[in-house]
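Enquirer: Encoded as structure tokens, here's the structure I'll be asking about.
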Amino acid sequence: MNREDVGRRFNVNISGRGSAPMLFAHGFGCDQNMWRYVAPAFEDDFKVVMFDHVGAGASDLSAYDPAKYSSLDGYADDVLEICRAFELGNVVFVGHSVSAMIGILAAIKAPEVFSNLILVGPSPRYINDENYVGGFSEPQITELLDFLDSNHMGWSEAMAPVIMGNPDRPELGQELTNSFCRTDPNVARRFARTTFLSDNREDLDRLNTPSLILQCSEDIIAPIEVGRYVHEHLPNSTLAILEATGHCPNLSAPEETIAAIKAYL
Amino acid sequence: MPSPPSTGVEEDLEDLFENAPCGYLSLGADARIRRCNQTFGRWLGVDPQTFVGKRFPDLLTIAGRIYFETHFAPLLKMQGFFDEVALDIETETDALPVLVNAVQRGSVDDARAFIRVTVFKATDRRRYERQLLEARRQADGASAELARLNQALEQRVTDEVTSRMQAEEALRQAQKMEAIGQLTGGIAHDFNNMLAGVIGALNLIQKRLSRGDLDVDKFIEGALDSAYRAAGLTQRLLQFSRQTPLEPVALDVNKLTSGMSDLLSRTLGETIRVETVLAAGLWNAKADPSQLENVILNLAVNARDAMPGGGSLTIETSNAYVDERYARDNQMAEGQYVLVAVTDTGQGMPAEVLTRVFDPFFTTKPVGKGTGLGMSQVYGFAKQSGGHVKIYSEVGVGTTVKLYLPRQIGAAAAVGRPRAELAPLGGTEKILVVEDDERVRTFAVEALRELGYTVLEAADGKSACEVMLANTKIALLFTDVVMPGMTGRELADRAVQSDPDLKLLFSTGYTRNAIVHNGVLDAGINFLQKPYSLHDLARKIRGVLDESELSTPG
């Protein structure tokens, strides 16, 4: 496994002065910039590793394999590939949104790699099911996926600063105003499908690695009922409910997020 | 909507905020709406106050709501703004397409900080975008359709060409069959006529002899005449198929042409004037003299038939150089040629006749007037000689036939008329006749005995060897070429080994064999083509014996 190759494929960035690795994984939406207000707080004590999922940020778009990434397993394998390539052990994994679930799957596959999981807004299933509250009805998710499939230009242009369109002129992508959220529209469409149709409820009790669940108040993507469900079904888990609202406490309330993580570790 | 005239700056600004051509919203850090202008309310048909306290993303359709949480809210937090995001505001009946800009005002820690959201109605723009997308999809579809059409077209062209080629092949086959039909029909017709002459004469001879009447000479003449004509026909057929062995020599064509003038005048009759225009310094041609005579005679006869009312026939000779292009166009070799042009002032030929003029049995003459082999014989001779023949004709004006014969460097051979009208010469030498066909052998043996020779005979190579062992002083071996077991050639090679002075004469009806290569005799080979007459046999045997004596010193 070639470290350089993996580094390029996932746009891996390493910083920090510690030796214990802390691996930050972004969710559906942006890229590793999501961690810009949180990660620096851990650089004194940890080796901070950040990356972009294939198809997001500055990852290698040509490595995108629709079959592999049609389930979260494919993304979990990527996490393990990064850990192996960079010889990371005893990893504190910090995953936001869908990457929280990706981290759980990776730690089930290779528990020896991880010491703790920090799960920011995790959800094992987004669609309501009988007694389970996921936050969305099935028609709502269908509407979302249909909308994305129509590949509307307004979205493409707002969200796809030319990762693919102008590979020979990357500066174009940099100049665009929404450049913190570089997503190829086709990949985003597939990632949304993989994310919002996933159901990993059965996997939760297979995790033995200790975990911290960070649950926001008023998160429409992962409502508080989901956070409680995850806590109930994850052995060895701790639930911390933040005052922060929305789905991205790492951006809207970085101090509170950092404090909660530090308190847990 | 008319608005009251402004009375002061504050009212003016208030009006600008409320009635700007875009929606203005101020959000708190948690995206809750604090303030909303009249324009936005008007678009949605609602009092703008009803939005206050609601979260902005909750106004959006589900996709917008999810994307707002996962993309745009983070973006706003990271870079302080987002621009021109296409979203849909949910209404009771439908969705209102809008473009949304958002910008963080004031520092995040400041309680007065807010997010300014500007909303532009994008109904038209969204429609244009959809139309553009649709047009793009149709263009892609059209390209694909065009590619499909192209492919189909190419396939049709391929199919068409294939079927055209098949049709042409079928046509060629049909034409070939027609030609073969004409050929066999023509041969059968001519041959039947000739056989009728032979059979009829023989029948009469048989009748007369059976009643003791010995006056049968004229019938024998008639039978022989018919048989000779049949032999001539097979000769011409062979010539057309280029199977007559040629004996090309360095030939002075001027001399040959001059020598034919008597014959031509007699053949053409009084109404046709014969002119010869012979070039000075004419090169020697490489050609078989007797065949060239036949060809010129053939052309002259055709010319005569084309001038029933009389006219003139011109035979012209000249040197000619064939350049690369002419050579390529006419499938001949580039270089120096002797040109013999035969021109008449006759009826000429239309184009459709001209294209078929070299076809065997193609004739414009009435039945019984021509075999249709003349011109094909001319063509066969020209090609076999390494030359070419070309016809120019114009209806009502006349016809020119140009015969190109390759130049031969070297002195011309004597052109005589070797068939001297003398009684056949005999001799007393000992001759061995080897021939597997009993009738042919009997004829040869009897004929040679008649001429005074001592004749030994054998039916094959093996017995011929035994005869040679048992006899001495055999002067000449006259052998068939194609025989079962040992060929004539092998027999001759063996015989010459034991008797180097032995003279050889070969005979065969076939020409594709050991002594004739590419239609040309091997050098130094004496050869008598079957069928042969008594006269041919006598002359050739005597010739070989005498030639050998001349070439033997002392």
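Ordering of the structure tokens sets the chain letters (A, B, ...); residue numbers start at 1 within each chain; ligands are numbered from 1 in the order shown.
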So that I can see what lies close to segment 133-144 of chain A, please list as a VMD selection string the residues with an atom at most 10 Å from it, counting only C-alpha atoms and leaving out residues fewer than 4 positions away in the same chain.
Expert: (chain A and resid 123 to 129 148 to 149 189 192 to 193 196 to 197 219 to 227 229) or (chain B and resid 61 to 67)
Enquirer: Hey, what does DSSP flag as helix (DSSP H, G or I) within segment 85-249 of chain A? Can you give it to me as a PDB file with N, CA and C atoms, in the first residue's frame?
Expert:
ATOM      1  N   ALA A  85      -2.104   2.711   5.590  1.00  0.00           N
ATOM      2  CA  ALA A  85      -1.067   3.354   4.784  1.00  0.00           C
ATOM      3  C   ALA A  85      -0.188   4.263   5.647  1.00  0.00           C
ATOM      4  N   VAL A  98     -22.724  11.341   8.481  1.00  0.00           N
ATOM      5  CA  VAL A  98     -22.666   9.973   7.964  1.00  0.00           C
ATOM      6  C   VAL A  98     -21.318   9.323   8.269  1.00  0.00           C
ATOM      7  N   SER A  99     -20.282  10.146   8.463  1.00  0.00           N
ATOM      8  CA  SER A  99     -18.973   9.568   8.781  1.00  0.00           C
ATOM      9  C   SER A  99     -18.917   9.009  10.190  1.00  0.00           C
ATOM     10  N   ALA A 100     -19.850   9.376  11.030  1.00  0.00           N
ATOM     11  CA  ALA A 100     -19.929   8.747  12.348  1.00  0.00           C
ATOM     12  C   ALA A 100     -20.258   7.268  12.164  1.00  0.00           C
ATOM     13  N   MET A 101     -21.220   7.016  11.285  1.00  0.00           N
ATOM     14  CA  MET A 101     -21.611   5.631  11.001  1.00  0.00           C
ATOM     15  C   MET A 101     -20.483   4.900  10.271  1.00  0.00           C
ATOM     16  N   ILE A 102     -19.793   5.609   9.376  1.00  0.00           N
ATOM     17  CA  ILE A 102     -18.656   5.020   8.649  1.00  0.00           C
ATOM     18  C   ILE A 102     -17.589   4.585   9.662  1.00  0.00           C
ATOM     19  N   GLY A 103     -17.350   5.407  10.668  1.00  0.00           N
ATOM     20  CA  GLY A 103     -16.364   5.077  11.699  1.00  0.00           C
ATOM     21  C   GLY A 103     -16.779   3.843  12.491  1.00  0.00           C
ATOM     22  N   ILE A 104     -18.083   3.763  12.795  1.00  0.00           N
ATOM     23  CA  ILE A 104     -18.561   2.589  13.532  1.00  0.00           C
ATOM     24  C   ILE A 104     -18.306   1.319  12.728  1.00  0.00           C
ATOM     25  N   LEU A 105     -18.597   1.364  11.391  1.00  0.00           N
ATOM     26  CA  LEU A 105     -18.390   0.187  10.534  1.00  0.00           C
ATOM     27  C   LEU A 105     -16.904  -0.171  10.462  1.00  0.00           C
ATOM     28  N   ALA A 106     -16.039   0.851  10.376  1.00  0.00           N
ATOM     29  CA  ALA A 106     -14.590   0.599  10.296  1.00  0.00           C
ATOM     30  C   ALA A 106     -14.101  -0.045  11.583  1.00  0.00           C
ATOM     31  N   ALA A 107     -14.620   0.444  12.714  1.00  0.00           N
ATOM     32  CA  ALA A 107     -14.155  -0.082  14.007  1.00  0.00           C
ATOM     33  C   ALA A 107     -14.687  -1.481  14.256  1.00  0.00           C
ATOM     34  N   ILE A 108     -15.834  -1.832  13.656  1.00  0.00           N
ATOM     35  CA  ILE A 108     -16.323  -3.215  13.767  1.00  0.00           C
ATOM     36  C   ILE A 108     -15.408  -4.136  12.968  1.00  0.00           C
ATOM     37  N   LYS A 109     -14.984  -3.654  11.772  1.00  0.00           N
ATOM     38  CA  LYS A 109     -14.120  -4.460  10.910  1.00  0.00           C
ATOM     39  C   LYS A 109     -12.725  -4.631  11.507  1.00  0.00           C
ATOM     40  N   PRO A 111     -11.268  -3.552  14.995  1.00  0.00           N
ATOM     41  CA  PRO A 111     -11.327  -2.889  16.310  1.00  0.00           C
ATOM     42  C   PRO A 111      -9.944  -2.513  16.840  1.00  0.00           C
ATOM     43  N   GLU A 112      -8.916  -3.285  16.417  1.00  0.00           N
ATOM     44  CA  GLU A 112      -7.566  -3.054  16.951  1.00  0.00           C
ATOM     45  C   GLU A 112      -6.999  -1.705  16.544  1.00  0.00           C
ATOM     46  N   VAL A 113      -7.588  -1.097  15.498  1.00  0.00           N
ATOM     47  CA  VAL A 113      -7.032   0.168  15.000  1.00  0.00           C
ATOM     48  C   VAL A 113      -7.472   1.350  15.881  1.00  0.00           C
ATOM     49  N   GLU A 138     -40.437   8.534   4.202  1.00  0.00           N
ATOM     50  CA  GLU A 138     -39.917   7.962   2.957  1.00  0.00           C
ATOM     51  C   GLU A 138     -40.170   8.876   1.757  1.00  0.00           C
ATOM     52  N   PRO A 139     -41.413   9.465   1.625  1.00  0.00           N
ATOM     53  CA  PRO A 139     -41.643  10.375   0.481  1.00  0.00           C
ATOM     54  C   PRO A 139     -40.691  11.569   0.474  1.00  0.00           C
ATOM     55  N   GLN A 140     -40.309  12.048   1.658  1.00  0.00           N
ATOM     56  CA  GLN A 140     -39.392  13.199   1.708  1.00  0.00           C
ATOM     57  C   GLN A 140     -38.028  12.828   1.116  1.00  0.00           C
ATOM     58  N   ILE A 141     -37.527  11.675   1.489  1.00  0.00           N
ATOM     59  CA  ILE A 141     -36.224  11.248   0.964  1.00  0.00           C
ATOM     60  C   ILE A 141     -36.319  10.991  -0.536  1.00  0.00           C
ATOM     61  N   THR A 142     -37.455  10.399  -0.957  1.00  0.00           N
ATOM     62  CA  THR A 142     -37.668  10.186  -2.389  1.00  0.00           C
ATOM     63  C   THR A 142     -37.629  11.519  -3.127  1.00  0.00           C
ATOM     64  N   GLU A 143     -38.286  12.544  -2.518  1.00  0.00           N
ATOM     65  CA  GLU A 143     -38.313  13.868  -3.145  1.00  0.00           C
ATOM     66  C   GLU A 143     -36.899  14.430  -3.261  1.00  0.00           C
ATOM     67  N   LEU A 144     -36.118  14.248  -2.191  1.00  0.00           N
ATOM     68  CA  LEU A 144     -34.727  14.728  -2.225  1.00  0.00           C
ATOM     69  C   LEU A 144     -33.948  14.056  -3.367  1.00  0.00           C
ATOM     70  N   LEU A 145     -34.067  12.723  -3.430  1.00  0.00           N
ATOM     71  CA  LEU A 145     -33.283  11.993  -4.429  1.00  0.00           C
ATOM     72  C   LEU A 145     -33.734  12.334  -5.844  1.00  0.00           C
ATOM     73  N   ASP A 146     -35.057  12.486  -6.041  1.00  0.00           N
ATOM     74  CA  ASP A 146     -35.570  12.894  -7.353  1.00  0.00           C
ATOM     75  C   ASP A 146     -35.020  14.257  -7.743  1.00  0.00           C
ATOM     76  N   PHE A 147     -35.005  15.139  -6.756  1.00  0.00           N
ATOM     77  CA  PHE A 147     -34.519  16.487  -7.030  1.00  0.00           C
ATOM     78  C   PHE A 147     -33.043  16.451  -7.458  1.00  0.00           C
ATOM     79  N   LEU A 148     -32.270  15.648  -6.727  1.00  0.00           N
ATOM     80  CA  LEU A 148     -30.851  15.552  -7.075  1.00  0.00           C
ATOM     81  C   LEU A 148     -30.666  14.904  -8.445  1.00  0.00           C
ATOM     82  N   ASP A 149     -31.524  13.894  -8.749  1.00  0.00           N
ATOM     83  CA  ASP A 149     -31.411  13.221 -10.039  1.00  0.00           C
ATOM     84  C   ASP A 149     -31.715  14.159 -11.194  1.00  0.00           C
ATOM     85  N   MET A 153     -29.273  22.724 -12.724  1.00  0.00           N
ATOM     86  CA  MET A 153     -28.084  23.538 -12.962  1.00  0.00           C
ATOM     87  C   MET A 153     -27.730  24.452 -11.805  1.00  0.00           C
ATOM     88  N   GLY A 154     -28.759  25.032 -11.199  1.00  0.00           N
ATOM     89  CA  GLY A 154     -28.489  25.964 -10.103  1.00  0.00           C
ATOM     90  C   GLY A 154     -27.672  25.283  -9.018  1.00  0.00           C
ATOM     91  N   TRP A 155     -27.987  24.038  -8.775  1.00  0.00           N
ATOM     92  CA  TRP A 155     -27.271  23.279  -7.754  1.00  0.00           C
ATOM     93  C   TRP A 155     -25.875  22.918  -8.249  1.00  0.00           C
ATOM     94  N   SER A 156     -25.849  22.432  -9.483  1.00  0.00           N
ATOM     95  CA  SER A 156     -24.557  22.020 -10.020  1.00  0.00           C
ATOM     96  C   SER A 156     -23.579  23.166  -9.945  1.00  0.00           C
ATOM     97  N   GLU A 157     -24.054  24.345 -10.344  1.00  0.00           N
ATOM     98  CA  GLU A 157     -23.116  25.455 -10.427  1.00  0.00           C
ATOM     99  C   GLU A 157     -22.746  26.012  -9.058  1.00  0.00           C
ATOM    100  N   ALA A 158     -23.713  25.959  -8.140  1.00  0.00           N
ATOM    101  CA  ALA A 158     -23.386  26.454  -6.805  1.00  0.00           C
ATOM    102  C   ALA A 158     -22.441  25.509  -6.088  1.00  0.00           C
ATOM    103  N   MET A 159     -22.658  24.210  -6.319  1.00  0.00           N
ATOM    104  CA  MET A 159     -21.970  23.230  -5.489  1.00  0.00           C
ATOM    105  C   MET A 159     -20.798  22.526  -6.159  1.00  0.00           C
ATOM    106  N   PRO A 170      -7.286  24.420 -12.333  1.00  0.00           N
ATOM    107  CA  PRO A 170      -7.813  24.288 -10.961  1.00  0.00           C
ATOM    108  C   PRO A 170      -8.057  25.640 -10.299  1.00  0.00           C
ATOM    109  N   GLU A 171      -7.392  26.677 -10.760  1.00  0.00           N
ATOM    110  CA  GLU A 171      -7.562  28.001 -10.140  1.00  0.00           C
ATOM    111  C   GLU A 171      -9.001  28.483 -10.269  1.00  0.00           C
ATOM    112  N   LEU A 172      -9.721  28.000 -11.301  1.00  0.00           N
ATOM    113  CA  LEU A 172     -11.119  28.376 -11.464  1.00  0.00           C
ATOM    114  C   LEU A 172     -11.923  27.936 -10.247  1.00  0.00           C
ATOM    115  N   GLY A 173     -11.660  26.721  -9.797  1.00  0.00           N
ATOM    116  CA  GLY A 173     -12.359  26.179  -8.642  1.00  0.00           C
ATOM    117  C   GLY A 173     -12.071  27.004  -7.400  1.00  0.00           C
ATOM    118  N   GLN A 174     -10.840  27.428  -7.270  1.00  0.00           N
ATOM    119  CA  GLN A 174     -10.458  28.209  -6.098  1.00  0.00           C
ATOM    120  C   GLN A 174     -11.148  29.567  -6.061  1.00  0.00           C
ATOM    121  N   GLU A 175     -11.389  30.115  -7.249  1.00  0.00           N
ATOM    122  CA  GLU A 175     -11.943  31.468  -7.290  1.00  0.00           C
ATOM    123  C   GLU A 175     -13.417  31.514  -6.942  1.00  0.00           C
ATOM    124  N   SER A 179     -16.311  27.888  -2.359  1.00  0.00           N
ATOM    125  CA  SER A 179     -15.234  26.923  -2.556  1.00  0.00           C
ATOM    126  C   SER A 179     -14.961  26.044  -1.339  1.00  0.00           C
ATOM    127  N   PHE A 180     -15.621  26.313  -0.206  1.00  0.00           N
ATOM    128  CA  PHE A 180     -15.411  25.425   0.935  1.00  0.00           C
ATOM    129  C   PHE A 180     -16.220  24.147   0.832  1.00  0.00           C
ATOM    130  N   CYS A 181     -17.093  24.133  -0.100  1.00  0.00           N
ATOM    131  CA  CYS A 181     -17.933  22.958  -0.259  1.00  0.00           C
ATOM    132  C   CYS A 181     -17.826  22.411  -1.664  1.00  0.00           C
ATOM    133  N   PRO A 185     -21.234  17.201  -8.577  1.00  0.00           N
ATOM    134  CA  PRO A 185     -22.691  16.988  -8.452  1.00  0.00           C
ATOM    135  C   PRO A 185     -23.096  15.528  -8.620  1.00  0.00           C
ATOM    136  N   ASN A 186     -22.413  14.807  -9.513  1.00  0.00           N
ATOM    137  CA  ASN A 186     -22.774  13.399  -9.705  1.00  0.00           C
ATOM    138  C   ASN A 186     -22.417  12.561  -8.486  1.00  0.00           C
ATOM    139  N   VAL A 187     -21.248  12.857  -7.914  1.00  0.00           N
ATOM    140  CA  VAL A 187     -20.843  12.117  -6.718  1.00  0.00           C
ATOM    141  C   VAL A 187     -21.769  12.479  -5.563  1.00  0.00           C
ATOM    142  N   ALA A 188     -22.098  13.774  -5.432  1.00  0.00           N
ATOM    143  CA  ALA A 188     -22.980  14.212  -4.344  1.00  0.00           C
ATOM    144  C   ALA A 188     -24.321  13.503  -4.436  1.00  0.00           C
ATOM    145  N   ARG A 189     -24.813  13.360  -5.639  1.00  0.00           N
ATOM    146  CA  ARG A 189     -26.094  12.693  -5.876  1.00  0.00           C
ATOM    147  C   ARG A 189     -26.030  11.246  -5.373  1.00  0.00           C
ATOM    148  N   ARG A 190     -24.926  10.564  -5.727  1.00  0.00           N
ATOM    149  CA  ARG A 190     -24.789   9.162  -5.303  1.00  0.00           C
ATOM    150  C   ARG A 190     -24.534   9.057  -3.794  1.00  0.00           C
ATOM    151  N   PHE A 191     -23.739  10.012  -3.289  1.00  0.00           N
ATOM    152  CA  PHE A 191     -23.426   9.996  -1.848  1.00  0.00           C
ATOM    153  C   PHE A 191     -24.703  10.222  -1.046  1.00  0.00           C
ATOM    154  N   ALA A 192     -25.575  11.108  -1.551  1.00  0.00           N
ATOM    155  CA  ALA A 192     -26.845  11.358  -0.875  1.00  0.00           C
ATOM    156  C   ALA A 192     -27.680  10.084  -0.843  1.00  0.00           C
ATOM    157  N   ARG A 193     -27.705   9.384  -1.987  1.00  0.00           N
ATOM    158  CA  ARG A 193     -28.488   8.144  -2.064  1.00  0.00           C
ATOM    159  C   ARG A 193     -27.954   7.119  -1.056  1.00  0.00           C
ATOM    160  N   THR A 194     -26.612   6.939  -1.051  1.00  0.00           N
ATOM    161  CA  THR A 194     -25.991   5.976  -0.133  1.00  0.00           C
ATOM    162  C   THR A 194     -26.297   6.352   1.319  1.00  0.00           C
ATOM    163  N   THR A 195     -26.171   7.662   1.596  1.00  0.00           N
ATOM    164  CA  THR A 195     -26.358   8.127   2.966  1.00  0.00           C
ATOM    165  C   THR A 195     -27.803   7.982   3.423  1.00  0.00           C
ATOM    166  N   PHE A 196     -28.720   8.568   2.649  1.00  0.00           N
ATOM    167  CA  PHE A 196     -30.091   8.694   3.142  1.00  0.00           C
ATOM    168  C   PHE A 196     -30.902   7.412   3.012  1.00  0.00           C
ATOM    169  N   ARG A 201     -28.814   0.033  11.642  1.00  0.00           N
ATOM    170  CA  ARG A 201     -29.240  -0.156  13.024  1.00  0.00           C
ATOM    171  C   ARG A 201     -28.735  -1.478  13.596  1.00  0.00           C
ATOM    172  N   GLU A 202     -28.692  -2.517  12.720  1.00  0.00           N
ATOM    173  CA  GLU A 202     -28.269  -3.840  13.184  1.00  0.00           C
ATOM    174  C   GLU A 202     -26.796  -3.877  13.575  1.00  0.00           C
ATOM    175  N   ASP A 203     -26.034  -2.914  13.026  1.00  0.00           N
ATOM    176  CA  ASP A 203     -24.585  -2.941  13.262  1.00  0.00           C
ATOM    177  C   ASP A 203     -24.202  -2.376  14.629  1.00  0.00           C
ATOM    178  N   LEU A 204     -25.091  -1.536  15.193  1.00  0.00           N
ATOM    179  CA  LEU A 204     -24.691  -0.755  16.366  1.00  0.00           C
ATOM    180  C   LEU A 204     -24.153  -1.624  17.509  1.00  0.00           C
ATOM    181  N   ASP A 205     -24.858  -2.724  17.839  1.00  0.00           N
ATOM    182  CA  ASP A 205     -24.438  -3.479  19.033  1.00  0.00           C
ATOM    183  C   ASP A 205     -23.229  -4.364  18.764  1.00  0.00           C
ATOM    184  N   ARG A 206     -22.681  -4.305  17.553  1.00  0.00           N
ATOM    185  CA  ARG A 206     -21.469  -5.081  17.257  1.00  0.00           C
ATOM    186  C   ARG A 206     -20.203  -4.267  17.557  1.00  0.00           C
ATOM    187  N   ILE A 224     -32.919  14.506  18.046  1.00  0.00           N
ATOM    188  CA  ILE A 224     -32.430  14.023  19.354  1.00  0.00           C
ATOM    189  C   ILE A 224     -32.860  12.585  19.635  1.00  0.00           C
ATOM    190  N   GLU A 225     -34.029  12.175  19.066  1.00  0.00           N
ATOM    191  CA  GLU A 225     -34.478  10.788  19.253  1.00  0.00           C
ATOM    192  C   GLU A 225     -33.471   9.805  18.668  1.00  0.00           C
ATOM    193  N   VAL A 226     -32.868  10.199  17.552  1.00  0.00           N
ATOM    194  CA  VAL A 226     -31.883   9.338  16.900  1.00  0.00           C
ATOM    195  C   VAL A 226     -30.647   9.203  17.778  1.00  0.00           C
ATOM    196  N   GLY A 227     -30.218  10.340  18.356  1.00  0.00           N
ATOM    197  CA  GLY A 227     -29.052  10.317  19.240  1.00  0.00           C
ATOM    198  C   GLY A 227     -29.294   9.384  20.412  1.00  0.00           C
ATOM    199  N   ARG A 228     -30.502   9.452  20.949  1.00  0.00           N
ATOM    200  CA  ARG A 228     -30.825   8.585  22.080  1.00  0.00           C
ATOM    201  C   ARG A 228     -30.829   7.117  21.659  1.00  0.00           C
ATOM    202  N   TYR A 229     -31.375   6.853  20.458  1.00  0.00           N
ATOM    203  CA  TYR A 229     -31.443   5.481  19.934  1.00  0.00           C
ATOM    204  C   TYR A 229     -30.035   4.912  19.794  1.00  0.00           C
ATOM    205  N   VAL A 230     -29.144   5.729  19.233  1.00  0.00           N
ATOM    206  CA  VAL A 230     -27.764   5.273  19.030  1.00  0.00           C
ATOM    207  C   VAL A 230     -27.120   4.958  20.386  1.00  0.00           C
ATOM    208  N   HIS A 231     -27.332   5.867  21.339  1.00  0.00           N
ATOM    209  CA  HIS A 231     -26.762   5.667  22.673  1.00  0.00           C
ATOM    210  C   HIS A 231     -27.261   4.369  23.312  1.00  0.00           C
ATOM    211  N   GLU A 232     -28.565   4.114  23.133  1.00  0.00           N
ATOM    212  CA  GLU A 232     -29.152   2.906  23.727  1.00  0.00           C
ATOM    213  C   GLU A 232     -28.574   1.633  23.111  1.00  0.00           C
ATOM    214  N   HIS A 233     -28.292   1.684  21.810  1.00  0.00           N
ATOM    215  CA  HIS A 233     -27.875   0.462  21.113  1.00  0.00           C
ATOM    216  C   HIS A 233     -26.371   0.311  20.985  1.00  0.00           C
ATOM    217  N   PRO A 249     -22.294  21.298  14.837  1.00  0.00           N
ATOM    218  CA  PRO A 249     -21.777  21.996  16.017  1.00  0.00           C
ATOM    219  C   PRO A 249     -20.298  22.333  15.862  1.00  0.00           C
TER     220      PRO A 249
END
Enquirer: Just give me the gap between atom CA of Val117 of chain B and atom CA of Tyr24 of chain B in Å, one decimal is fine.
Expert: 5.9 Å
Enquirer: Please extract the residues of segment 2-152 of chain A with a backbone DSSP assignment of strand (DSSP E) and present them as a list in words.
Expert: Asn13, Ile14, Ser15, Ala20, Pro21, Met22, Leu23, Phe24, Ala25, Phe46, Lys47, Val48, Val49, Met50, Phe51, Val91, Val92, Phe93, Val94, Gly95, His96, Phe114, Ser115, Asn116, Leu117, Ile118, Leu119 and Val120 of chain A
Enquirer: Considering only C-alpha atoms, return as a VMD selection string whatever protein or nucleic-acid residues lie within 12 Å of Cys83 of chain A, sequence-local ones (same chain, fewer than 3 positions apart) excluded.
Expert: chain A and resid 1 to 3 6 to 7 10 12 21 to 24 49 to 51 76 to 80 86 to 93 103 106 to 107 110 112 to 114
Enquirer: Quick one: distance from atom CA of Glu270 of chain B to atom CA of Ile296 of chain B in Å, one decimal?
Expert: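 Between atom CA of Glu270 of chain B and atom CA of Ile296 of chain B the gap works out to 18.6 Å.
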Enquirer: Select from segment 253-354 of chain B every residue with an atom at most 12 Å from any atom of segment 374-379 of chain B, then for each give the shortest pair of atoms and their distance in Å to one decimal, using only C-alpha atoms, rows by chain and rising number, as JSON lines.
Expert:
{"residue": "B:Gln291", "atom": "CA", "partner": "B:Val378", "partner_atom": "CA", "distance": 9.2}
{"residue": "B:Leu292", "atom": "CA", "partner": "B:Val378", "partner_atom": "CA", "distance": 8.8}
{"residue": "B:Glu293", "atom": "CA", "partner": "B:Val378", "partner_atom": "CA", "distance": 10.7}
{"residue": "B:Asn294", "atom": "CA", "partner": "B:Val378", "partner_atom": "CA", "distance": 8.7}
{"residue": "B:Val295", "atom": "CA", "partner": "B:Val378", "partner_atom": "CA", "distance": 5.6}
{"residue": "B:Ile296", "atom": "CA", "partner": "B:Val378", "partner_atom": "CA", "distance": 8.6}
{"residue": "B:Leu297", "atom": "CA", "partner": "B:Gly374", "partner_atom": "CA", "distance": 9.7}
{"residue": "B:Asn298", "atom": "CA", "partner": "B:Gly374", "partner_atom": "CA", "distance": 6.0}
{"residue": "B:Leu299", "atom": "CA", "partner": "B:Met375", "partner_atom": "CA", "distance": 7.7}
{"residue": "B:Ala300", "atom": "CA", "partner": "B:Gly374", "partner_atom": "CA", "distance": 10.7}
{"residue": "B:Val301", "atom": "CA", "partner": "B:Gly374", "partner_atom": "CA", "distance": 9.3}
{"residue": "B:Asn302", "atom": "CA", "partner": "B:Gly374", "partner_atom": "CA", "distance": 8.3}
{"residue": "B:Ala303", "atom": "CA", "partner": "B:Met375", "partner_atom": "CA", "distance": 11.6}
{"residue": "B:Leu354", "atom": "CA", "partner": "B:Met375", "partner_atom": "CA", "distance": 11.0}
Enquirer: Counting only C-alpha atoms, which of A:Gly95, A:Asn13, A:Arg8, A:Asp45 gets nearest to Ala63 of chain A?
Expert: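 That would be A:Arg8, the residue with the smallest distance to Ala63 of chain A.
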Enquirer: Mind pulling up the distance from atom CA of Leu477 of chain B to atom CA of Ala492 of chain B?
Expert: 7.6 Å
Enquirer: Please list as a list in words every residue within 9 Å of segment 386-395 of chain B, counting only C-alpha atoms and excluding residues in the same chain fewer than 3 positions away.
Expert: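 So, after excluding close chain neighbours, the residues are Lys286, Ala287, Asn330, Gln331, Met332, Ala333, Tyr337, Gly346, Gln347, Gly348, Met349, Pro350, Ala351, Leu354, Val378, Tyr379, Phe381, Ala382, Lys383, Gly398, Thr399, Thr400, Val401, Lys402, Leu403, Tyr404, Leu405 and Pro406 of chain B.
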Enquirer: Between B:Ser163, B:Ala279, B:Pro531, B:Leu425, which has the minimum distance to Thr234 of chain B (counting only C-alpha atoms)?
Expert: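 Using only C-alpha atoms, Thr234 of chain B sits closest to B:Pro531.
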